[in-house]
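Report on the structure given below.
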Amino acid sequence: MKTLQVHDVTTVLSNKKILDGITFDVNSGEVMALVGHNGAGKSTLIKTILGILEKASGQLTVMEKFDQDEDFLKFKQQISYLPEEPLLLTEFTVMQHFQLYGKSYHIEEEILHERIERYLKGFELTDKQNEYPEALSKGMRQKVQTICAFLPDAPLLVIDEPFMGLDIYAIQYFEEILREKIANGTSVLLTTHQLDRVKNIAHHYIMLQEGKMIQTGTINEFKTIKRRREQ
Ligand SMILES: Nc1ncnc2c1ncn2[C@@H]1O[C@H](COP(=O)(O)OP(=O)(O)OP(=O)(O)O)[C@@H](O)[C@H]1O
């Protein structure tokens, strides 16, 4: 099953082509890493897939049936997103954020509570569940945002720079949950500046440069290229 199909996607911002003819698939249970220098177009690609930015042309399909142009709501419900910086709502407590995600993704009440309890414990946030974001540290806010992204069983998980702001224990727990999800068939599309940190999770990579795909392959191929360059 192709969880995500990106076909000839072009994005134009301020009359400039920021993404140019991007085409790739992510299969179920597969992890795709987007790499590239600052300004290569990684965030633009993610925002275009999520519909935060409008594509100028091309086609985006999830689960081989939900087209971004035809049924945006269904398309979006198949995707869970973890941004690089937490996007929490100041007027909602930690628990209220989780309930909001539960409602948006139609998560069964019992399952939702089980997951909330498990992730709060894993990220050592149980005593913070009734706090508002302003009472949390930056890392704690990122943990809350991570839990929000982990709660749904969405087939595609999009992560902008994983592990951002998390301590070593939180990174270990993050990886544990991520691996569990991947083993259960979740596909992951992530961006990273440090492929070394995700080389044991990712299966494939795409290298972007000035909005174009200049290289793609398996992570093992990437490691070989990198080694050759370093020799
Ligand atoms: N709203 C905008 N209007 C015009 N140009 C933009 C806009 N947003 C981004 N860009 C340009 O698009 C290009 C790609 O930016 P993008 O943020 O996608 O890169 P990135 O690969 O995510 O970089 P980084 O690694 O620094 O996060 C850059 O040249 C940037 O200046």
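Letters A, B, ... go to the chains of the structure tokens in the order shown; residues in each chain start at 1; ligands are counted from 1 in the same order.
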Quick one: which segment 29-118 of chain A residues come within 12 Å of segment 216-220 of chain A, and what is the nearest atom pair for each with the distance in Å to one decimal, counting only C-alpha atoms, rows ordered by chain and ascending number, as a tab-separated table?
```
residue	atom	partner	partner_atom	distance
A:Glu30	CA	A:Thr218	CA	11.0
A:Val31	CA	A:Ile219	CA	10.0
A:Met32	CA	A:Thr218	CA	9.1
A:Ala33	CA	A:Ile219	CA	8.7
A:Leu34	CA	A:Thr216	CA	9.4
A:Val35	CA	A:Thr216	CA	9.9
A:Gly36	CA	A:Thr216	CA	11.5
```
Can I get the selected residues back with N, CA and C atoms, as a PDB file, in the first residue's frame?
```pdb
ATOM      1  N   GLU A  30       7.005   2.435   6.116  1.00  0.00           N
ATOM      2  CA  GLU A  30       8.298   2.918   5.615  1.00  0.00           C
ATOM      3  C   GLU A  30       8.601   4.317   6.163  1.00  0.00           C
ATOM      4  N   VAL A  31       9.879   4.587   6.373  1.00  0.00           N
ATOM      5  CA  VAL A  31      10.277   5.904   6.892  1.00  0.00           C
ATOM      6  C   VAL A  31      11.131   6.614   5.842  1.00  0.00           C
ATOM      7  N   MET A  32      10.668   7.761   5.424  1.00  0.00           N
ATOM      8  CA  MET A  32      11.361   8.556   4.410  1.00  0.00           C
ATOM      9  C   MET A  32      11.950   9.803   5.067  1.00  0.00           C
ATOM     10  N   ALA A  33      13.243  10.004   4.892  1.00  0.00           N
ATOM     11  CA  ALA A  33      13.891  11.186   5.470  1.00  0.00           C
ATOM     12  C   ALA A  33      14.155  12.215   4.381  1.00  0.00           C
ATOM     13  N   LEU A  34      13.727  13.444   4.624  1.00  0.00           N
ATOM     14  CA  LEU A  34      14.023  14.547   3.702  1.00  0.00           C
ATOM     15  C   LEU A  34      15.240  15.281   4.230  1.00  0.00           C
ATOM     16  N   VAL A  35      16.286  15.336   3.413  1.00  0.00           N
ATOM     17  CA  VAL A  35      17.494  16.028   3.847  1.00  0.00           C
ATOM     18  C   VAL A  35      17.832  17.148   2.861  1.00  0.00           C
ATOM     19  N   GLY A  36      18.712  18.026   3.295  1.00  0.00           N
ATOM     20  CA  GLY A  36      19.104  19.142   2.421  1.00  0.00           C
ATOM     21  C   GLY A  36      19.520  20.330   3.257  1.00  0.00           C
TER      22      GLY A  36
END
```
Task: Cut-off 10 Å, only C-alpha atoms and all ligand atoms, neighbours of ligand 1 as number ranges by chain - done: A: 11-19, 34-48, 53, 84, 160-161, 191-193, 207-211
Open item on the list: Just to confirm, what's the straight-line distance from atom CA of Val144 of chain A to atom CA of Gln194 of chain A in Å (one decimal)?
Closed with: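 Taking atom CA of Val144 of chain A as the start and atom CA of Gln194 of chain A as the end point, the length is 23.1 Å.
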Open item on the list: Using only C-alpha atoms for the distances, tell me which of A:Met140, A:Leu112, A:Ile206, A:Ala56 is nearest to Asp167 of chain A.
Closed with: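 Ranking A:Met140, A:Leu112, A:Ile206, A:Ala56 by distance to Asp167 of chain A, first place goes to A:Met140.
Each of A:Arg115, A:Lys55, A:His203, A:Lys65 was checked against Leu4 of chain A using only C-alpha atoms; the smallest atom-to-atom distance is that of A:Lys65.
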Neighbouring residues of Phe75 of chain A were defined as those with any atom within 12 Å, considering only C-alpha atoms; residues of the same chain fewer than 2 positions away were excluded. Please report them as a tab-separated table (two decimals) with C-alpha atoms, in the first residue's frame.
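And here's result_26.tsv as it stands now:
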```
chain	number	residue	atom	x	y	z
A	3	THR	CA	0.50	5.61	2.12
A	4	LEU	CA	1.62	8.81	0.42
A	5	GLN	CA	1.98	9.58	-3.27
A	49	ILE	CA	1.68	18.11	1.74
A	50	LEU	CA	-0.27	19.26	4.80
A	51	GLY	CA	-2.11	21.88	2.77
A	60	LEU	CA	-1.04	14.49	-3.54
A	61	THR	CA	-2.77	11.27	-2.55
A	62	VAL	CA	-2.95	9.40	0.74
A	63	MET	CA	-3.85	5.70	1.08
A	64	GLU	CA	-4.23	5.52	-2.70
A	65	LYS	CA	-7.69	7.09	-2.48
A	66	PHE	CA	-7.78	10.44	-0.70
A	67	ASP	CA	-6.75	13.23	-3.05
A	68	GLN	CA	-5.78	16.54	-1.43
A	69	ASP	CA	-7.76	18.53	-4.02
A	70	GLU	CA	-10.87	16.39	-3.92
A	71	ASP	CA	-11.46	15.58	-0.26
A	72	PHE	CA	-9.19	17.71	1.89
A	73	LEU	CA	-10.79	16.75	5.24
A	77	GLN	CA	-7.42	12.94	8.81
A	78	GLN	CA	-4.95	10.35	7.49
A	79	ILE	CA	-2.01	12.54	8.54
A	80	SER	CA	-0.65	13.34	11.97
A	105	TYR	CA	-9.23	12.10	14.82
A	154	ALA	CA	-3.07	8.05	11.38
A	155	PRO	CA	-1.42	6.05	8.56
A	156	LEU	CA	1.05	8.87	7.91
```
Open item on the list: If we count only C-alpha atoms and set the cut-off at 8 Å, which residues sit around Asn130 of chain A, ignoring sequence neighbours fewer than 4 positions away in its own chain? Please answer as an NGL selection string.
Closed with: :A and (93-95)
TODO: If you run DSSP over the backbone, which residues in segment 11-98 of chain A end up helix (DSSP H, G or I)? Put them as a ChimeraX atom specification.
DONE: /A:42-50,72-77,94-98
Output N, CA and C atoms for every residue in that selection, as a PDB file, in the first residue's frame.
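File again_38.pdb, as written:
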```
ATOM      1  N   LYS A  42      12.661  21.760   2.376  1.00  0.00           N
ATOM      2  CA  LYS A  42      12.092  20.667   3.188  1.00  0.00           C
ATOM      3  C   LYS A  42      10.787  21.084   3.860  1.00  0.00           C
ATOM      4  N   SER A  43      10.824  22.211   4.570  1.00  0.00           N
ATOM      5  CA  SER A  43       9.614  22.664   5.270  1.00  0.00           C
ATOM      6  C   SER A  43       8.520  23.027   4.279  1.00  0.00           C
ATOM      7  N   THR A  44       8.897  23.615   3.163  1.00  0.00           N
ATOM      8  CA  THR A  44       7.901  23.978   2.146  1.00  0.00           C
ATOM      9  C   THR A  44       7.205  22.713   1.635  1.00  0.00           C
ATOM     10  N   LEU A  45       7.977  21.650   1.443  1.00  0.00           N
ATOM     11  CA  LEU A  45       7.383  20.394   0.969  1.00  0.00           C
ATOM     12  C   LEU A  45       6.404  19.847   2.006  1.00  0.00           C
ATOM     13  N   ILE A  46       6.804  19.852   3.250  1.00  0.00           N
ATOM     14  CA  ILE A  46       5.921  19.354   4.312  1.00  0.00           C
ATOM     15  C   ILE A  46       4.657  20.198   4.404  1.00  0.00           C
ATOM     16  N   LYS A  47       4.829  21.512   4.368  1.00  0.00           N
ATOM     17  CA  LYS A  47       3.664  22.404   4.460  1.00  0.00           C
ATOM     18  C   LYS A  47       2.751  22.239   3.250  1.00  0.00           C
ATOM     19  N   THR A  48       3.330  21.939   2.102  1.00  0.00           N
ATOM     20  CA  THR A  48       2.522  21.735   0.904  1.00  0.00           C
ATOM     21  C   THR A  48       1.728  20.433   1.040  1.00  0.00           C
ATOM     22  N   ILE A  49       2.381  19.400   1.552  1.00  0.00           N
ATOM     23  CA  ILE A  49       1.682  18.115   1.741  1.00  0.00           C
ATOM     24  C   ILE A  49       0.533  18.289   2.728  1.00  0.00           C
ATOM     25  N   LEU A  50       0.770  19.057   3.788  1.00  0.00           N
ATOM     26  CA  LEU A  50      -0.275  19.257   4.804  1.00  0.00           C
ATOM     27  C   LEU A  50      -1.364  20.234   4.359  1.00  0.00           C
ATOM     28  N   PHE A  72     -10.269  17.238   1.021  1.00  0.00           N
ATOM     29  CA  PHE A  72      -9.191  17.706   1.890  1.00  0.00           C
ATOM     30  C   PHE A  72      -9.339  17.203   3.335  1.00  0.00           C
ATOM     31  N   LEU A  73     -10.579  17.165   3.852  1.00  0.00           N
ATOM     32  CA  LEU A  73     -10.789  16.754   5.243  1.00  0.00           C
ATOM     33  C   LEU A  73     -10.364  15.298   5.457  1.00  0.00           C
ATOM     34  N   LYS A  74     -10.821  14.429   4.574  1.00  0.00           N
ATOM     35  CA  LYS A  74     -10.458  12.995   4.676  1.00  0.00           C
ATOM     36  C   LYS A  74      -8.950  12.838   4.503  1.00  0.00           C
ATOM     37  N   PHE A  75      -8.396  13.590   3.570  1.00  0.00           N
ATOM     38  CA  PHE A  75      -6.952  13.558   3.303  1.00  0.00           C
ATOM     39  C   PHE A  75      -6.198  13.913   4.590  1.00  0.00           C
ATOM     40  N   LYS A  76      -6.611  15.019   5.232  1.00  0.00           N
ATOM     41  CA  LYS A  76      -5.932  15.505   6.431  1.00  0.00           C
ATOM     42  C   LYS A  76      -6.070  14.543   7.618  1.00  0.00           C
ATOM     43  N   GLN A  77      -7.211  13.857   7.680  1.00  0.00           N
ATOM     44  CA  GLN A  77      -7.420  12.935   8.813  1.00  0.00           C
ATOM     45  C   GLN A  77      -6.500  11.712   8.759  1.00  0.00           C
ATOM     46  N   VAL A  94      -3.026  21.021  29.050  1.00  0.00           N
ATOM     47  CA  VAL A  94      -2.395  19.869  28.392  1.00  0.00           C
ATOM     48  C   VAL A  94      -3.471  18.829  28.059  1.00  0.00           C
ATOM     49  N   MET A  95      -4.285  18.466  29.052  1.00  0.00           N
ATOM     50  CA  MET A  95      -5.325  17.447  28.842  1.00  0.00           C
ATOM     51  C   MET A  95      -6.336  17.891  27.779  1.00  0.00           C
ATOM     52  N   GLN A  96      -6.675  19.162  27.777  1.00  0.00           N
ATOM     53  CA  GLN A  96      -7.636  19.652  26.769  1.00  0.00           C
ATOM     54  C   GLN A  96      -7.074  19.531  25.339  1.00  0.00           C
ATOM     55  N   HIS A  97      -5.770  19.697  25.210  1.00  0.00           N
ATOM     56  CA  HIS A  97      -5.151  19.487  23.888  1.00  0.00           C
ATOM     57  C   HIS A  97      -5.354  18.042  23.439  1.00  0.00           C
ATOM     58  N   PHE A  98      -5.121  17.112  24.365  1.00  0.00           N
ATOM     59  CA  PHE A  98      -5.247  15.695  24.010  1.00  0.00           C
ATOM     60  C   PHE A  98      -6.702  15.376  23.627  1.00  0.00           C
TER      61      PHE A  98
END
```
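Between atom CA of Tyr101 of chain A and atom CA of Gln129 of chain A there is a distance of 14.6 Å.
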- [ ] Determine which residues of segment 66-137 of chain A receive a DSSP assignment of strand (DSSP E), computed from the backbone, and state them as a list in words.
- [x]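 Answer for segment 66-137 of chain A, restricted to strand (DSSP E): Phe66, Asp67, Ile79, Ser80, Tyr81 and Leu82 of chain A.
Each of A:Leu82, A:Val26, A:Val9, A:Leu166 was compared to Ala202 of chain A using only C-alpha atoms, and A:Val26 turns out to be the nearest.
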- [ ] Kindly give the distance, in Å, that separates atom CA of Asn184 of chain A and atom CA of Asn27 of chain A, rounded to a single decimal.
- [x] 12.8 Å
Task: 8 Å contact set for Pro133 of chain A, only C-alpha atoms, chain neighbours under 6 positions out, as an MDAnalysis selection string - done: chainID A and resid 88:90 92:94 141
Task: Residue among A:Glu117, A:Glu109, A:His7, A:Ile22 lying closest to Gln215 of chain A, counting only C-alpha atoms - done: A:Ile22
